[in-house]
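Please read the structure below before turning to the comments.
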Amino acid sequence: MIACLFPPRCPVCGEVRIPWESSTCADCAGRLMFINEPVCMRCGRELSDETKEYCDRCEKSPMSYIRNCAVWRYDRWMKKSIADFKYSGKKEYAGFYIQNMAKRYGSQLLRYGVTVLVPVPVSVKRKRYRGFNQAELLAEGLAGELGIVSANLLKRVRHTQPQSGLSPAERKKNLSGAFAWNQRAADGLQNLPAAVAVVDDIFTTGSTMEACTKELQRNGIRNVYGICICIGSE
């Protein structure tokens, strides 16, 4: 009855999903491109050369986190899906993303010893405008799937301009001093986790992931991984 009144929408194109039981509509079933091997052993970006272990970006600028995992390529279909999710209030899309994140990388994160998921924080201003933090929504849902916890161990202490359209150097500068340790959230945990995974929607240059990692490491968490919905090409 609910489905008749409020038919589920395809998380890719936004049209009514037929059949309703499927995760996407029939036309979009093969549109999203999963990330496949070979991938960079650091950022998780697809590689064109299977003999390489790291992408050119990670070879030139080694990152502090151990490894990042991404589900899909950030192409035009994923760009629309994420935009609708973040800016058009399509919070129901989170279930689709979480299901695939858990299916592809859940067991991997557990093997790494990850016990806490840490969402990338957004500013109070941005959260008020959107009505939610998309990374927090993803982290909470994924934590439930994996039987671990989500904790806001980081907080945004400075509102920054959107990262899109900025160069790698500008992105890094834009995020300087933007994140801080959230001691209140840490106090809510029984113990400081040995390994965490930072959760975000899009991975582009890795500036956000790096800034989060450094703040977590400054406060005693040495092993930092990452998981995101999608990632750009090399």
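Identifiers in the structure tokens: chain A, B, ... in order shown; residue index from 1 per chain; ligand index from 1 in order shown.
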
Next item on the list: From a DSSP calculation on the backbone, collect every residue of range 67-204 of chain A in strand (DSSP E or B) and output the set as a list in words.
Entry: Arg67, Asn68, Cys69, Ala70, Val71, Trp72, Arg73, Val116, Leu117, Val118, Pro119, Val149, Ser150, Leu154, Lys155, Arg156, Phe179, Ala180, Trp181, Ala195, Val196, Ala197, Val198, Val199, Asp200, Asp201, Ile202 and Phe203 of chain A

Next item on the list: Please provide as a list of chain:residue names all residues within 7 Å of range 139-149 of chain A, with the sequence filter that same-chain residues fewer than 6 positions apart are discarded (counting only C-alpha atoms).
Entry: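 The filter keeps A:Ile98, A:Ala102, A:Gly106, A:Thr115, A:Val116, A:Leu117, A:Val118, A:Pro119, A:Val199.
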
Create the file for the chosen residues now, containing all heavy atoms and written as a compact mmCIF listing (two decimals), in the first residue's frame.
```txt
# COMPACT_ATOMS: atom_id res chain seq x y z
N ILE A 98 24.67 2.02 1.13
CA ILE A 98 25.13 1.24 2.29
C ILE A 98 25.15 -0.25 1.97
O ILE A 98 26.10 -0.97 2.31
CB ILE A 98 24.23 1.52 3.52
CG1 ILE A 98 24.47 2.95 4.01
CG2 ILE A 98 24.49 0.51 4.63
CD1 ILE A 98 23.40 3.46 4.95
N ALA A 102 28.64 -2.37 2.14
CA ALA A 102 28.78 -3.52 3.03
C ALA A 102 29.10 -4.79 2.26
O ALA A 102 29.95 -5.60 2.67
CB ALA A 102 27.50 -3.70 3.85
N GLY A 106 32.64 -4.76 3.40
CA GLY A 106 32.38 -4.98 4.81
C GLY A 106 33.35 -5.97 5.46
O GLY A 106 33.97 -5.67 6.49
N THR A 115 36.91 -1.16 14.08
CA THR A 115 35.81 -1.31 15.05
C THR A 115 34.93 -0.07 15.13
O THR A 115 33.87 -0.11 15.75
CB THR A 115 36.36 -1.63 16.44
OG1 THR A 115 37.29 -0.59 16.84
CG2 THR A 115 37.08 -2.98 16.46
N VAL A 116 35.39 1.02 14.54
CA VAL A 116 34.64 2.28 14.60
C VAL A 116 34.67 2.95 13.23
O VAL A 116 35.72 3.03 12.59
CB VAL A 116 35.22 3.24 15.66
CG1 VAL A 116 34.47 4.58 15.62
CG2 VAL A 116 35.14 2.64 17.06
N LEU A 117 33.51 3.41 12.79
CA LEU A 117 33.41 4.20 11.56
C LEU A 117 33.30 5.67 11.93
O LEU A 117 32.52 6.03 12.82
CB LEU A 117 32.20 3.77 10.74
CG LEU A 117 32.17 2.31 10.27
CD1 LEU A 117 30.92 2.04 9.44
CD2 LEU A 117 33.42 1.96 9.47
N VAL A 118 34.07 6.49 11.26
CA VAL A 118 34.10 7.93 11.56
C VAL A 118 33.63 8.73 10.35
O VAL A 118 34.32 8.79 9.33
CB VAL A 118 35.53 8.38 11.93
CG1 VAL A 118 35.55 9.87 12.29
CG2 VAL A 118 36.08 7.54 13.08
N PRO A 119 32.45 9.33 10.43
CA PRO A 119 31.98 10.13 9.28
C PRO A 119 32.76 11.43 9.15
O PRO A 119 33.15 12.03 10.15
CB PRO A 119 30.51 10.39 9.63
CG PRO A 119 30.46 10.34 11.12
CD PRO A 119 31.47 9.31 11.53
N VAL A 199 34.45 7.60 6.75
CA VAL A 199 33.38 7.40 5.76
C VAL A 199 33.04 8.72 5.07
O VAL A 199 32.83 9.74 5.74
CB VAL A 199 32.12 6.82 6.44
CG1 VAL A 199 31.01 6.60 5.41
CG2 VAL A 199 32.45 5.52 7.17
```

Check: Quick one: residues within 7 Å of Arg222 in chain A, only C-alpha atoms counted, chain neighbours fewer than 2 positions away excluded, as an NGL selection string?
Finding: :A and (194-195 or 217 or 220 or 224)

Next item on the list: Can you list, as a ChimeraX atom specification, all residues belonging to range 43-226 of chain A that DSSP tags as helix (DSSP H, G or I)?
Entry: /A:56-60,76-87,93-111,124-130,134-146,168-174,183-187,207-218

Next item on the list: Find the spatial neighbours of Val122 in chain A, counting only C-alpha atoms, within a cut-off of 8 Å - ignore same-chain residues fewer than 4 positions away - and output them as a PyMOL selection string.
Entry: chain A and resi 126-127+133+155-156+159

Residues just named, written with N, CA and C atoms as a compact mmCIF listing (two decimals), in the first residue's frame:
```txt
# COMPACT_ATOMS: atom_id res chain seq x y z
N ARG A 126 26.40 24.06 6.95
CA ARG A 126 26.06 23.17 5.85
C ARG A 126 25.05 22.11 6.28
N LYS A 127 25.20 21.60 7.49
CA LYS A 127 24.26 20.60 7.97
C LYS A 127 22.86 21.19 8.14
N ASN A 133 23.93 15.27 7.60
CA ASN A 133 25.29 15.05 7.11
C ASN A 133 25.29 13.71 6.40
N LYS A 155 35.12 16.77 14.47
CA LYS A 155 34.12 17.82 14.29
C LYS A 155 34.69 18.90 13.39
N ARG A 156 33.80 19.57 12.71
CA ARG A 156 34.21 20.65 11.80
C ARG A 156 34.24 21.94 12.60
N HIS A 159 34.03 26.57 8.77
CA HIS A 159 33.25 26.39 7.55
C HIS A 159 34.16 26.65 6.36
```

Next item on the list: Find, counting only C-alpha atoms, the residue in A:Trp77, A:Arg45, A:Pro7, A:Gln183 that gets nearest to Ala29 in chain A.
Entry: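 Using only C-alpha atoms, the shortest distance to Ala29 in chain A belongs to A:Trp77.
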
Check: Contacts of Asn219 in chain A at 10 Å or less, counting only C-alpha atoms, minus same-chain residues fewer than 3 places along, as an NGL selection string?
Finding: :A and (153 or 180-183 or 192 or 214-216 or 222)

For the residues in the current selection, export N, CA and C atoms as a CSV table (one decimal), in the first residue's frame.
```csv
chain,number,residue,atom,x,y,z
A,153,LEU,N,34.1,11.2,15.9
A,153,LEU,CA,35.3,11.5,16.6
A,153,LEU,C,36.0,12.8,16.0
A,180,ALA,N,38.7,19.0,13.9
A,180,ALA,CA,39.3,18.9,15.3
A,180,ALA,C,38.8,17.7,16.0
A,181,TRP,N,39.5,17.2,16.9
A,181,TRP,CA,39.1,16.0,17.7
A,181,TRP,C,37.9,16.3,18.5
A,182,ASN,N,37.0,15.3,18.6
A,182,ASN,CA,35.8,15.5,19.4
A,182,ASN,C,35.9,14.6,20.6
A,183,GLN,N,36.4,15.2,21.7
A,183,GLN,CA,36.7,14.4,22.9
A,183,GLN,C,35.4,13.8,23.5
A,192,LEU,N,39.7,3.6,23.2
A,192,LEU,CA,40.2,4.3,21.9
A,192,LEU,C,40.4,3.2,20.9
A,214,LYS,N,45.1,12.8,9.7
A,214,LYS,CA,46.1,13.4,10.5
A,214,LYS,C,45.6,13.8,11.8
A,215,GLU,N,44.3,14.3,11.9
A,215,GLU,CA,43.7,14.7,13.1
A,215,GLU,C,43.5,13.5,14.0
A,216,LEU,N,43.0,12.4,13.4
A,216,LEU,CA,42.8,11.1,14.2
A,216,LEU,C,44.2,10.6,14.7
A,222,ARG,N,46.3,5.2,15.3
A,222,ARG,CA,47.3,5.1,14.3
A,222,ARG,C,46.8,4.5,12.9
```

Note to self: List the spatial neighbours of range 66-72 of chain A as a list in words - criterion: any atom at most 7 Å away, only C-alpha atoms, same-chain residues fewer than 2 positions off excluded.
What the structure shows: Leu32, Met33, Phe34, Ile35, Met41, Arg42, Cys43, Gly44, Ser64, Tyr74, Met101, Asn223, Val224, Tyr225, Gly226, Ile227, Cys228, Ile229, Cys230 and Ile231 of chain A
